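target07.pdb follows; it contains PDB, C-alpha atoms and all ligand atoms.
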```
ATOM      1  CA  MET A   7      -2.083  -5.121 -10.417  1.00  0.00           C
ATOM      2  CA  LYS A   8      -5.000  -7.137  -9.124  1.00  0.00           C
ATOM      3  CA  SER A   9      -8.393  -5.771  -8.313  1.00  0.00           C
ATOM      4  CA  LEU A  10      -8.513  -5.400  -4.569  1.00  0.00           C
ATOM      5  CA  GLY A  11     -12.203  -5.158  -3.875  1.00  0.00           C
ATOM      6  CA  LEU A  12     -13.384  -3.287  -0.844  1.00  0.00           C
ATOM      7  CA  SER A  13     -11.501  -4.977   1.983  1.00  0.00           C
ATOM      8  CA  GLU A  14      -9.093  -3.179   4.248  1.00  0.00           C
ATOM      9  CA  TYR A  15      -5.364  -3.639   3.873  1.00  0.00           C
ATOM     10  CA  VAL A  16      -2.110  -2.750   5.521  1.00  0.00           C
ATOM     11  CA  LEU A  17       0.374  -1.310   3.032  1.00  0.00           C
ATOM     12  CA  ASP A  18       4.152  -1.435   3.083  1.00  0.00           C
ATOM     13  CA  ALA A  19       6.323   1.094   1.227  1.00  0.00           C
ATOM     14  CA  ASN A  20       6.512  -1.240  -1.769  1.00  0.00           C
ATOM     15  CA  ALA A  21       2.749  -1.144  -2.199  1.00  0.00           C
ATOM     16  CA  PHE A  22       2.921   2.642  -2.576  1.00  0.00           C
ATOM     17  CA  TYR A  23       5.732   2.400  -5.123  1.00  0.00           C
ATOM     18  CA  GLN A  24       3.561   0.074  -7.200  1.00  0.00           C
ATOM     19  CA  GLY A  25       1.141   2.888  -7.862  1.00  0.00           C
ATOM     20  CA  LEU A  26      -1.413   4.784  -5.920  1.00  0.00           C
ATOM     21  CA  SER A  27      -4.496   4.473  -8.077  1.00  0.00           C
ATOM     22  CA  PHE A  28      -5.931   1.532  -6.122  1.00  0.00           C
ATOM     23  CA  LEU A  29      -5.860   3.499  -2.893  1.00  0.00           C
ATOM     24  CA  SER A  30      -8.917   5.547  -3.731  1.00  0.00           C
ATOM     25  CA  PHE A  31     -11.309   2.604  -3.668  1.00  0.00           C
ATOM     26  CA  THR A  32     -10.135   0.781  -0.598  1.00  0.00           C
ATOM     27  CA  LYS A  33      -9.542   1.610   3.021  1.00  0.00           C
ATOM     28  CA  SER A  34      -5.926   1.164   3.920  1.00  0.00           C
ATOM     29  CA  TYR A  35      -3.636   1.384   6.866  1.00  0.00           C
ATOM     30  CA  THR A  36       0.025   2.126   7.106  1.00  0.00           C
ATOM     31  CA  THR A  37       2.481   3.228   9.774  1.00  0.00           C
ATOM     32  CA  SER A  38       4.083   6.633  10.244  1.00  0.00           C
ATOM     33  CA  LEU A  39       7.492   5.169   9.338  1.00  0.00           C
ATOM     34  CA  VAL A  40       6.196   3.975   5.950  1.00  0.00           C
ATOM     35  CA  PHE A  41       4.267   7.184   5.379  1.00  0.00           C
ATOM     36  CA  ALA A  42       7.430   9.230   6.009  1.00  0.00           C
ATOM     37  CA  GLU A  43       9.198   7.075   3.422  1.00  0.00           C
ATOM     38  CA  VAL A  44       6.603   7.403   0.651  1.00  0.00           C
ATOM     39  CA  ARG A  45       5.282  10.947   1.041  1.00  0.00           C
ATOM     40  CA  HIS A  46       8.079  12.302  -1.150  1.00  0.00           C
ATOM     41  CA  LEU A  47       6.945  10.167  -4.123  1.00  0.00           C
ATOM     42  CA  LYS A  48       6.656  12.341  -7.180  1.00  0.00           C
ATOM     43  CA  GLY A  49       3.148  13.588  -7.856  1.00  0.00           C
ATOM     44  CA  SER A  50       1.676  11.663  -4.946  1.00  0.00           C
ATOM     45  CA  TYR A  51       1.823  14.195  -2.153  1.00  0.00           C
ATOM     46  CA  SER A  52      -1.576  15.822  -2.602  1.00  0.00           C
ATOM     47  CA  LEU A  53      -3.270  12.464  -3.198  1.00  0.00           C
ATOM     48  CA  LEU A  54      -1.747  11.007  -0.033  1.00  0.00           C
ATOM     49  CA  GLU A  55      -2.847  14.054   1.941  1.00  0.00           C
ATOM     50  CA  THR A  56      -6.368  13.753   0.539  1.00  0.00           C
ATOM     51  CA  LEU A  57      -6.559  10.049   1.311  1.00  0.00           C
ATOM     52  CA  VAL A  58      -5.564  10.750   4.906  1.00  0.00           C
ATOM     53  CA  GLU A  59      -8.039  13.644   5.184  1.00  0.00           C
ATOM     54  CA  THR A  60     -10.887  11.537   3.806  1.00  0.00           C
ATOM     55  CA  ASP A  61      -9.930   8.693   6.161  1.00  0.00           C
ATOM     56  CA  ASN A  62      -9.234   6.295   3.280  1.00  0.00           C
ATOM     57  CA  LEU A  63      -5.664   5.973   4.444  1.00  0.00           C
ATOM     58  CA  ARG A  64      -5.160   5.636   8.172  1.00  0.00           C
ATOM     59  CA  ILE A  65      -1.785   6.070   9.757  1.00  0.00           C
ATOM     60  CA  VAL A  66      -1.581   3.876  12.822  1.00  0.00           C
ATOM     61  CA  ASP A  67       1.488   2.830  14.773  1.00  0.00           C
ATOM     62  CA  PRO A  68       1.460  -0.670  16.244  1.00  0.00           C
ATOM     63  CA  ASP A  69       1.602  -1.352  19.965  1.00  0.00           C
ATOM     64  CA  GLU A  70       5.007  -2.143  21.395  1.00  0.00           C
ATOM     65  CA  LYS A  71       4.062  -5.759  22.158  1.00  0.00           C
ATOM     66  CA  TYR A  72       3.340  -6.504  18.477  1.00  0.00           C
ATOM     67  CA  VAL A  73       6.608  -4.887  17.422  1.00  0.00           C
ATOM     68  CA  ASN A  74       8.436  -7.028  19.982  1.00  0.00           C
ATOM     69  CA  ALA A  75       6.631 -10.147  18.779  1.00  0.00           C
ATOM     70  CA  VAL A  76       7.740  -9.444  15.189  1.00  0.00           C
ATOM     71  CA  TYR A  77      11.323  -8.875  16.320  1.00  0.00           C
ATOM     72  CA  GLY A  78      11.222 -12.108  18.325  1.00  0.00           C
ATOM     73  CA  VAL A  79      10.113 -14.230  15.373  1.00  0.00           C
ATOM     74  CA  THR A  80      12.288 -12.570  12.714  1.00  0.00           C
ATOM     75  CA  ILE A  81      15.468 -12.541  14.793  1.00  0.00           C
ATOM     76  CA  LYS A  82      15.027 -16.271  15.301  1.00  0.00           C
ATOM     77  CA  SER A  83      14.445 -16.891  11.585  1.00  0.00           C
ATOM     78  CA  GLY A  84      17.274 -14.600  10.450  1.00  0.00           C
ATOM     79  CA  ASP A  85      14.890 -12.339   8.519  1.00  0.00           C
ATOM     80  CA  SER A  86      15.357  -9.373  10.825  1.00  0.00           C
ATOM     81  CA  ILE A  87      18.620  -8.252   9.178  1.00  0.00           C
ATOM     82  CA  LYS A  88      16.812  -7.844   5.844  1.00  0.00           C
ATOM     83  CA  LEU A  89      13.920  -5.883   7.339  1.00  0.00           C
ATOM     84  CA  SER A  90      13.877  -2.132   7.880  1.00  0.00           C
ATOM     85  CA  LYS A  91      12.217  -0.535  10.882  1.00  0.00           C
ATOM     86  CA  ALA A  92       9.388   0.438   8.541  1.00  0.00           C
ATOM     87  CA  ASP A  93       9.018  -3.201   7.417  1.00  0.00           C
ATOM     88  CA  ILE A  94       8.866  -4.357  11.038  1.00  0.00           C
ATOM     89  CA  SER A  95       6.248  -1.698  11.797  1.00  0.00           C
ATOM     90  CA  VAL A  96       3.846  -2.790   9.011  1.00  0.00           C
ATOM     91  CA  LEU A  97       4.274  -6.448   9.941  1.00  0.00           C
ATOM     92  CA  ALA A  98       3.393  -5.571  13.538  1.00  0.00           C
ATOM     93  CA  LEU A  99       0.414  -3.482  12.416  1.00  0.00           C
ATOM     94  CA  ALA A 100      -0.934  -6.280  10.208  1.00  0.00           C
ATOM     95  CA  CYS A 101      -0.655  -8.615  13.240  1.00  0.00           C
ATOM     96  CA  GLN A 102      -2.391  -6.159  15.516  1.00  0.00           C
ATOM     97  CA  LEU A 103      -5.264  -5.304  13.155  1.00  0.00           C
ATOM     98  CA  ASN A 104      -5.485  -8.854  11.788  1.00  0.00           C
ATOM     99  CA  LYS A 105      -5.596  -7.550   8.219  1.00  0.00           C
ATOM    100  CA  THR A 106      -4.003  -8.584   4.953  1.00  0.00           C
ATOM    101  CA  LEU A 107      -0.633  -6.994   4.241  1.00  0.00           C
ATOM    102  CA  ILE A 108       0.163  -5.834   0.738  1.00  0.00           C
ATOM    103  CA  SER A 109       3.832  -6.149  -0.112  1.00  0.00           C
ATOM    104  CA  ASP A 110       6.113  -7.282  -2.885  1.00  0.00           C
ATOM    105  CA  ASP A 111       9.192  -7.400  -0.710  1.00  0.00           C
ATOM    106  CA  PHE A 112      10.579 -10.919  -0.404  1.00  0.00           C
ATOM    107  CA  ALA A 113      11.855 -10.554   3.184  1.00  0.00           C
ATOM    108  CA  VAL A 114       8.540  -9.038   4.295  1.00  0.00           C
ATOM    109  CA  GLU A 115       6.646 -11.849   2.558  1.00  0.00           C
ATOM    110  CA  ASN A 116       8.762 -14.458   4.291  1.00  0.00           C
ATOM    111  CA  ALA A 117       8.359 -12.873   7.716  1.00  0.00           C
ATOM    112  CA  ALA A 118       4.602 -12.549   7.155  1.00  0.00           C
ATOM    113  CA  ARG A 119       4.349 -16.291   6.523  1.00  0.00           C
ATOM    114  CA  LEU A 120       6.191 -17.050   9.761  1.00  0.00           C
ATOM    115  CA  LEU A 121       3.874 -14.689  11.622  1.00  0.00           C
ATOM    116  CA  ARG A 122       0.792 -16.154   9.924  1.00  0.00           C
ATOM    117  CA  ILE A 123      -0.123 -12.785   8.464  1.00  0.00           C
ATOM    118  CA  SER A 124      -2.060 -13.054   5.228  1.00  0.00           C
ATOM    119  CA  ILE A 125      -0.169 -11.287   2.471  1.00  0.00           C
ATOM    120  CA  MET A 126      -1.063 -10.188  -1.026  1.00  0.00           C
ATOM    121  CA  PRO A 127       1.566  -9.379  -3.628  1.00  0.00           C
ATOM    122  CA  LEU A 128       0.626  -6.661  -6.112  1.00  0.00           C
ATOM    123  CA  GLY A 129       3.107  -7.206  -8.900  1.00  0.00           C
ATOM    124  CA  THR A 130       2.681  -9.703 -11.682  1.00  0.00           C
ATOM    125  CA  LYS A 131       6.087 -11.271 -11.983  1.00  0.00           C
ATOM    126  CA  GLY A 132       7.240 -12.135 -15.482  1.00  0.00           C
ATOM    127  CA  ILE A 133       4.828  -9.756 -17.192  1.00  0.00           C
ATOM    128  CA  LYS A 134       6.345  -6.529 -18.349  1.00  0.00           C
ATOM    129  CA  TYR A 135       3.204  -4.444 -18.361  1.00  0.00           C
ATOM    130  CA  THR A 136      -0.347  -4.993 -17.281  1.00  0.00           C
ATOM    131  CA  ARG A 137      -3.143  -2.860 -18.682  1.00  0.00           C
ATOM    132  CA  LYS A 138      -5.923  -1.612 -16.536  1.00  0.00           C
ATOM    133  CA  TRP A 139      -8.713   0.910 -16.692  1.00  0.00           C
ATOM    134  CA  ILE A 140      -8.241   3.963 -14.585  1.00  0.00           C
ATOM    135  CA  SER A 141     -10.141   7.170 -14.046  1.00  0.00           C
ATOM    136  CA  PHE A 142      -8.012  10.167 -14.769  1.00  0.00           C
ATOM    137  CA  CYS A 143      -8.222  13.872 -13.868  1.00  0.00           C
ATOM    138  CA  ARG A 144      -6.901  16.104 -16.652  1.00  0.00           C
ATOM    139  CA  THR A 145      -6.496  19.059 -14.324  1.00  0.00           C
ATOM    140  CA  CYS A 146      -4.511  17.344 -11.578  1.00  0.00           C
ATOM    141  CA  GLU A 147      -2.979  14.640 -13.835  1.00  0.00           C
ATOM    142  CA  MET A 148      -3.958  12.146 -11.165  1.00  0.00           C
ATOM    143  CA  GLY A 149      -5.071   8.556 -11.726  1.00  0.00           C
ATOM    144  CA  TYR A 150      -7.690   6.841  -9.595  1.00  0.00           C
ATOM    145  CA  GLY A 151      -9.439   3.511  -9.316  1.00  0.00           C
ATOM    146  CA  SER A 152     -11.757   3.063 -12.272  1.00  0.00           C
ATOM    147  CA  TYR A 153     -15.005   3.224 -10.290  1.00  0.00           C
ATOM    148  CA  LEU A 154     -14.458   6.836  -9.104  1.00  0.00           C
ATOM    149  CA  LYS A 155     -16.360   9.514 -11.031  1.00  0.00           C
ATOM    150  CA  ASP A 156     -15.012  12.758  -9.579  1.00  0.00           C
ATOM    151  CA  CYS A 157     -11.506  13.884  -8.715  1.00  0.00           C
ATOM    152  CA  LEU A 158     -10.796  13.720  -4.978  1.00  0.00           C
ATOM    153  CA  ILE A 159      -8.627  16.826  -5.209  1.00  0.00           C
ATOM    154  CA  CYS A 160     -10.412  19.293  -7.507  1.00  0.00           C
ATOM    155  CA  GLY A 161     -13.856  17.677  -7.916  1.00  0.00           C
ATOM    156  CA  ASN A 162     -13.781  17.695 -11.744  1.00  0.00           C
ATOM    157  CA  LYS A 163     -15.342  14.845 -13.753  1.00  0.00           C
ATOM    158  CA  LEU A 164     -12.819  12.088 -14.385  1.00  0.00           C
ATOM    159  CA  LYS A 165     -12.038  10.623 -17.807  1.00  0.00           C
ATOM    160  CA  ARG A 166     -11.607   6.877 -18.240  1.00  0.00           C
ATOM    161  CA  ARG A 167      -8.585   5.560 -20.020  1.00  0.00           C
ATOM    162  CA  PHE A 168      -6.362   2.542 -20.327  1.00  0.00           C
ATOM    163  CA  LYS A 169      -3.117   2.715 -18.486  1.00  0.00           C
ATOM    164  CA  ARG A 170      -0.064   0.548 -18.885  1.00  0.00           C
ATOM    165  CA  VAL A 171       1.106  -0.353 -15.429  1.00  0.00           C
ATOM    166  CA  ALA A 172       4.696  -1.436 -15.053  1.00  0.00           C
ATOM    167  CA  PRO A 173       5.085  -3.857 -12.168  1.00  0.00           C
ATOM    168  CA  PHE A 174       8.410  -3.551 -10.374  1.00  0.00           C
TER     169      PHE A 174
HETATM  170 ZN    ZN A 201      -8.489  16.963 -10.254  1.00  0.00          ZN
END
```

How would this structure read if it were set down as structure tokens?
Amino acid sequence: MKSLGLSEYVLDANAFYQGLSFLSFTKSYTTSLVFAEVRHLKGSYSLLETLVETDNLRIVDPDEKYVNAVYGVTIKSGDSIKLSKADISVLALACQLNKTLISDDFAVENAARLLRISIMPLGTKGIKYTRKWISFCRTCEMGYGSYLKDCLICGNKLKRRFKRVAPF
């Protein structure tokens, strides 16, 4: 996983599956369709709720005209059959907000190029594990971006540790 800095990003479901620790040091956007898909992720529910409450994760649905524009381009290119409704929604949102989309999904990546959306893949292909520093709450067993000092959920001091991150 790359360091993402402090920019704002639009996240597809894949980005959430890659791990949630980066979410606590960046402002992100996703759509309600993607959020519905990822909120069941094991151990992530309270973190997702907290990120939404603290406004670090904003759930925004794109305007109809952007959704239609994405359909128009991807039907023409043949990508639409490989894209879920959730995929279409994040592509449309990235268009609308003019922000970088984070995704490791090949069909989404391809469609993003056609739509001139800037896209950032998270995974490091060909490498089995990457190691990165994270901050970790012993009470909540929750990992965060390494710059955070206190747990967003319980407020306890975080420990730093190395984590092996498995890219999908
Ligand atoms: Zn905690």

Residues in the PyMOL selection byres (((not hetatm)) within 12 of (chain A and resi 201)), expressed as a ChimeraX atom specification: /A:52-53,56,141-150,154-165

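If you apply the PyMOL selection byres (((chain A and resi 76-83) around 7) and not hetatm) to this structure, you end up with A:Tyr72, A:Val73, A:Asn74, A:Ala75, A:Gly84, A:Asp85, A:Ser86, A:Ile94, A:Leu97, A:Ala98, A:Ala117.
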
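For the pair CA of Asp111 (chain A) and CA of Arg167 (chain A), the interatomic distance is 29.3 Å.
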
Residues within 9 Å of (-6.1, -6.8, 2.8), file coords, only C-alpha atoms, listed as a PyMOL selection string: chain A and resi 10+12-17+34+105-108+124-126

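Taking CA of Arg64 (chain A) and CA of Ser38 (chain A) as endpoints, the distance between them is 9.5 Å.
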
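Residue nearest Gln24 (chain A) within the list A:Leu128, A:Leu54, A:Ile140, A:Val66: A:Leu128 [criterion: smallest interatomic distance, all atoms listed in the file].
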